[in-house]
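Participant: Dropping the structure in here first, questions after.
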Amino acid sequence: MNTLWIIIAVLLAVAALMSMVRLLLGPSILDRALSVDALLAFSLTGLGAYAAFNRDPTVLPTLLVLSLLGFVGSVSIAKFVARRTESHDDEGPSVFRLAEDTVEEEGKTS
Amino acid sequence: MSEEFVQILDWIAILCLLAGALLSLIAGIGLLRFPDLLSRMHAASKPQVLGLLLVLVGIGLRILPQEETGVFSAGTLVLVGLFQVVTVPVAGHIVARVGYRTGRIRRDLLGTDELADRLESDRFTKSGAENNVS
């Protein structure tokens with residue numbers, strides 16, 4: 001039974017390492033957000049394994065906080081990416097485009 | 001509760017935890033090896049829902065038989081599972097939507113792209129009007 005606990009820890013560590021490699025390599029910011037999300041899921045699993053190993057229910061509120069934190073983090077990063085690229089995109093709302101165009105023209109004329 | 005019963009529960013719990021850790025490893029390999037954002041999301045959402053639920057079942061089987069009043073722990077476990085099941089699809093949907101609309105996915109890997117046809121027909125019907133779908 002002890003071996004199985006060690007195997008669980010090693011599996012989680014290898015998974016977290018792979019996710020961190022993707023965090024370093026990730027071509028776009030959304031890939032990085034995704035790998036952070038996966039890293040959070042691995043840490044949830046690790047904390048859960050700790051709680052189960054020690055029969056210790058004190059870390060369970062931490063699981064609650066982490067499970068909400070991952071949602072807020074990935075959604076806010078996605079919204080940030082959408083807002084930032086919207087103004088440079090042809091498909092975005094024309095309000096942003098117009099505002100940026102006028103700003104650029106003012107910069108040129110002054 | 002008898003000793004043998006608790007041991008059987010422990011074995012079931014550790015098998016659940018092992019399955020959760022195995023799903024995490026699979027997600028790590030998928031994150032590292034898959035070529036674009038959508039397939040990585042497909043790989044990464046396995047431990048977020050199924051793996052976490054397995055781990056929560058494992059924790060419950062391990063902690064609850066030992067406690068006198070396990071209401072608080074059981075409630076916390078159920079809440080964690082509920083939040084994760086509700087929030088992970090929403091977050092995945094938003095990330096995939098932003099990735100699609102900002103062109104961060106590889107279109108040559110898509111089998112069918114029904115959203116592109118839909119957007120194209122929307123542009124025809126709404127030509128002239130303000131396009132505020134995003």
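Labels for the structure tokens follow display order: chains A, B, ..., residues from 1 in each chain, ligands from 1.
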With a distance cut-off of 12 Å and only C-alpha atoms, select the neighbouring residues of A:Pro27, excluding the residue or stretch itself and same-chain residues fewer than 5 positions from it, and output the selection as a list in words.

Facilitator: Val21, Arg22, Arg32, Ala33, Leu34 and Ser35 of chain A; Leu32, Pro35, Asp36, Leu37, Arg104 and Ile105 of chain B

Participant: List every residue of chain A that has an atom at most 8 Å from any atom of chain B, and for each one report the closest atom pair and its distance in Å to one decimal, counting only C-alpha atoms, with rows sorted by chain and then by increasing residue number, as a tab-separated table.

Facilitator:
```
residue	atom	partner	partner_atom	distance
A:Leu4	CA	B:Leu18	CA	7.5
A:Trp5	CA	B:Ile14	CA	7.8
A:Ile7	CA	B:Leu18	CA	7.9
A:Ile8	CA	B:Ala21	CA	5.7
A:Ala9	CA	B:Ala21	CA	7.9
A:Leu11	CA	B:Leu25	CA	5.8
A:Leu12	CA	B:Ala21	CA	5.7
A:Val14	CA	B:Leu25	CA	6.8
A:Ala15	CA	B:Gly28	CA	4.5
A:Ala16	CA	B:Gly28	CA	6.8
A:Leu17	CA	B:Gly28	CA	7.9
A:Met18	CA	B:Gly28	CA	5.2
A:Ser19	CA	B:Gly28	CA	5.4
A:Val21	CA	B:Leu32	CA	7.3
A:Arg22	CA	B:Leu32	CA	5.8
A:Ser28	CA	B:Arg104	CA	7.4
A:Leu30	CA	B:Gly99	CA	7.1
A:Asp31	CA	B:Leu37	CA	6.2
A:Leu34	CA	B:Met41	CA	6.9
A:Ser35	CA	B:Leu31	CA	7.3
A:Ala38	CA	B:Ala44	CA	5.8
A:Ala41	CA	B:Gln48	CA	5.4
A:Phe42	CA	B:Ser24	CA	6.3
A:Leu44	CA	B:Leu52	CA	7.4
A:Thr45	CA	B:Leu52	CA	6.3
A:Gly48	CA	B:Val55	CA	6.4
A:Ala49	CA	B:Leu17	CA	6.8
A:Ala51	CA	B:Ile59	CA	6.8
A:Ala52	CA	B:Ile59	CA	4.9
A:Arg55	CA	B:Ile63	CA	5.2
A:Asp56	CA	B:Ile63	CA	7.1
A:Pro57	CA	B:Ser73	CA	6.4
A:Leu60	CA	B:Thr76	CA	6.6
A:Pro61	CA	B:Thr76	CA	6.8
A:Leu63	CA	B:Val80	CA	6.7
A:Leu64	CA	B:Val80	CA	5.1
A:Ser67	CA	B:Gln84	CA	6.0
A:Leu68	CA	B:Phe83	CA	6.9
A:Phe71	CA	B:Ala91	CA	6.0
A:Ser74	CA	B:Ala91	CA	6.4
A:Val75	CA	B:Ala91	CA	5.6
A:Ala78	CA	B:Val95	CA	5.5
A:Lys79	CA	B:Val98	CA	7.7
A:Val81	CA	B:Val98	CA	7.4
A:Ala82	CA	B:Val98	CA	5.9
A:Thr85	CA	B:Thr102	CA	6.9
A:Asp89	CA	B:Thr102	CA	7.9
A:Glu91	CA	B:Asn131	CA	7.7
A:Gly92	CA	B:Ser134	CA	7.0
A:Pro93	CA	B:Asn132	CA	5.7
A:Ser94	CA	B:Glu130	CA	7.6
```

Participant: Let me see the file: selected residues, C-alpha atoms, as a PDB file, in the first residue's frame.

Facilitator:
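Writing the result to again.pdb gives the following:
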```
ATOM      1  CA  LEU A   4       0.953   2.891  -4.242  1.00  0.00           C
ATOM      2  CA  TRP A   5       1.128   6.225  -2.400  1.00  0.00           C
ATOM      3  CA  ILE A   7       3.432   5.907  -7.265  1.00  0.00           C
ATOM      4  CA  ILE A   8       0.618   8.474  -6.958  1.00  0.00           C
ATOM      5  CA  ALA A   9       3.086  11.167  -5.891  1.00  0.00           C
ATOM      6  CA  LEU A  11       2.711  10.381 -11.345  1.00  0.00           C
ATOM      7  CA  LEU A  12       1.515  13.784 -10.147  1.00  0.00           C
ATOM      8  CA  VAL A  14       5.748  14.023 -13.668  1.00  0.00           C
ATOM      9  CA  ALA A  15       2.417  15.464 -14.857  1.00  0.00           C
ATOM     10  CA  ALA A  16       3.180  18.800 -13.187  1.00  0.00           C
ATOM     11  CA  LEU A  17       6.643  18.871 -14.786  1.00  0.00           C
ATOM     12  CA  MET A  18       5.170  18.277 -18.248  1.00  0.00           C
ATOM     13  CA  SER A  19       2.608  20.993 -17.673  1.00  0.00           C
ATOM     14  CA  VAL A  21       7.316  22.606 -19.791  1.00  0.00           C
ATOM     15  CA  ARG A  22       4.212  23.548 -21.769  1.00  0.00           C
ATOM     16  CA  SER A  28       0.226  31.721 -27.185  1.00  0.00           C
ATOM     17  CA  LEU A  30      -4.083  30.889 -24.059  1.00  0.00           C
ATOM     18  CA  ASP A  31      -1.858  27.793 -24.044  1.00  0.00           C
ATOM     19  CA  LEU A  34      -4.574  26.307 -20.115  1.00  0.00           C
ATOM     20  CA  SER A  35      -1.425  24.774 -18.664  1.00  0.00           C
ATOM     21  CA  ALA A  38      -4.104  21.947 -15.639  1.00  0.00           C
ATOM     22  CA  ALA A  41      -6.016  20.552 -11.281  1.00  0.00           C
ATOM     23  CA  PHE A  42      -2.844  18.571 -10.506  1.00  0.00           C
ATOM     24  CA  LEU A  44      -5.944  19.856  -6.338  1.00  0.00           C
ATOM     25  CA  THR A  45      -5.290  16.165  -6.885  1.00  0.00           C
ATOM     26  CA  GLY A  48      -6.523  15.568  -2.077  1.00  0.00           C
ATOM     27  CA  ALA A  49      -3.979  12.753  -1.992  1.00  0.00           C
ATOM     28  CA  ALA A  51      -5.701  14.664   2.800  1.00  0.00           C
ATOM     29  CA  ALA A  52      -6.474  11.032   2.041  1.00  0.00           C
ATOM     30  CA  ARG A  55      -6.873  11.189   6.984  1.00  0.00           C
ATOM     31  CA  ASP A  56      -6.768  14.929   7.566  1.00  0.00           C
ATOM     32  CA  PRO A  57      -9.856  16.979   6.626  1.00  0.00           C
ATOM     33  CA  LEU A  60     -10.549  20.436   2.251  1.00  0.00           C
ATOM     34  CA  PRO A  61     -11.508  24.163   2.359  1.00  0.00           C
ATOM     35  CA  LEU A  63      -9.660  22.511  -2.329  1.00  0.00           C
ATOM     36  CA  LEU A  64     -12.824  24.608  -2.410  1.00  0.00           C
ATOM     37  CA  SER A  67     -11.474  25.018  -7.545  1.00  0.00           C
ATOM     38  CA  LEU A  68     -13.058  28.486  -7.737  1.00  0.00           C
ATOM     39  CA  PHE A  71     -12.263  29.315 -13.061  1.00  0.00           C
ATOM     40  CA  SER A  74      -8.741  31.269 -16.900  1.00  0.00           C
ATOM     41  CA  VAL A  75     -11.880  33.299 -17.652  1.00  0.00           C
ATOM     42  CA  ALA A  78      -9.439  34.770 -21.880  1.00  0.00           C
ATOM     43  CA  LYS A  79     -11.398  38.010 -21.539  1.00  0.00           C
ATOM     44  CA  VAL A  81      -6.962  38.338 -24.651  1.00  0.00           C
ATOM     45  CA  ALA A  82     -10.319  39.019 -26.338  1.00  0.00           C
ATOM     46  CA  THR A  85      -6.978  41.676 -29.833  1.00  0.00           C
ATOM     47  CA  ASP A  89      -9.166  42.638 -35.587  1.00  0.00           C
ATOM     48  CA  GLU A  91     -14.234  41.492 -37.061  1.00  0.00           C
ATOM     49  CA  GLY A  92     -14.329  43.473 -33.844  1.00  0.00           C
ATOM     50  CA  PRO A  93     -16.901  46.115 -32.965  1.00  0.00           C
ATOM     51  CA  SER A  94     -16.379  49.207 -35.045  1.00  0.00           C
TER      52      SER A  94
END
```

Participant: To one decimal in Å, tell me the separation between atom CA of B:Val71 and atom CA of A:Gly46.

Facilitator: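 Distance between the two atoms: 22.8 Å.
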
Participant: How many Å lie between atom CA of B:Phe5 and atom CA of A:Ile6, rounded to one decimal?

Facilitator: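 Taking atom CA of B:Phe5 as the start and atom CA of A:Ile6 as the end point, the length is 23.8 Å.
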
Participant: Quick one: DSSP alpha helix (DSSP H) residues in chain B, as a ChimeraX atom specification?

Facilitator: /B:3-33,37-46,52-63,71-101,114-125

Participant: In Å, with one decimal, what is the gap from atom CA of A:Asp37 to atom CA of B:Ala116?

Facilitator: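 Spanning atom CA of A:Asp37 to atom CA of B:Ala116 is a straight-line distance of 27.6 Å.
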
Participant: Between A:Val72, A:Val36, A:Val59, A:Val65, which is the closest to A:Leu23 once you count only C-alpha atoms?

Facilitator: A:Val36
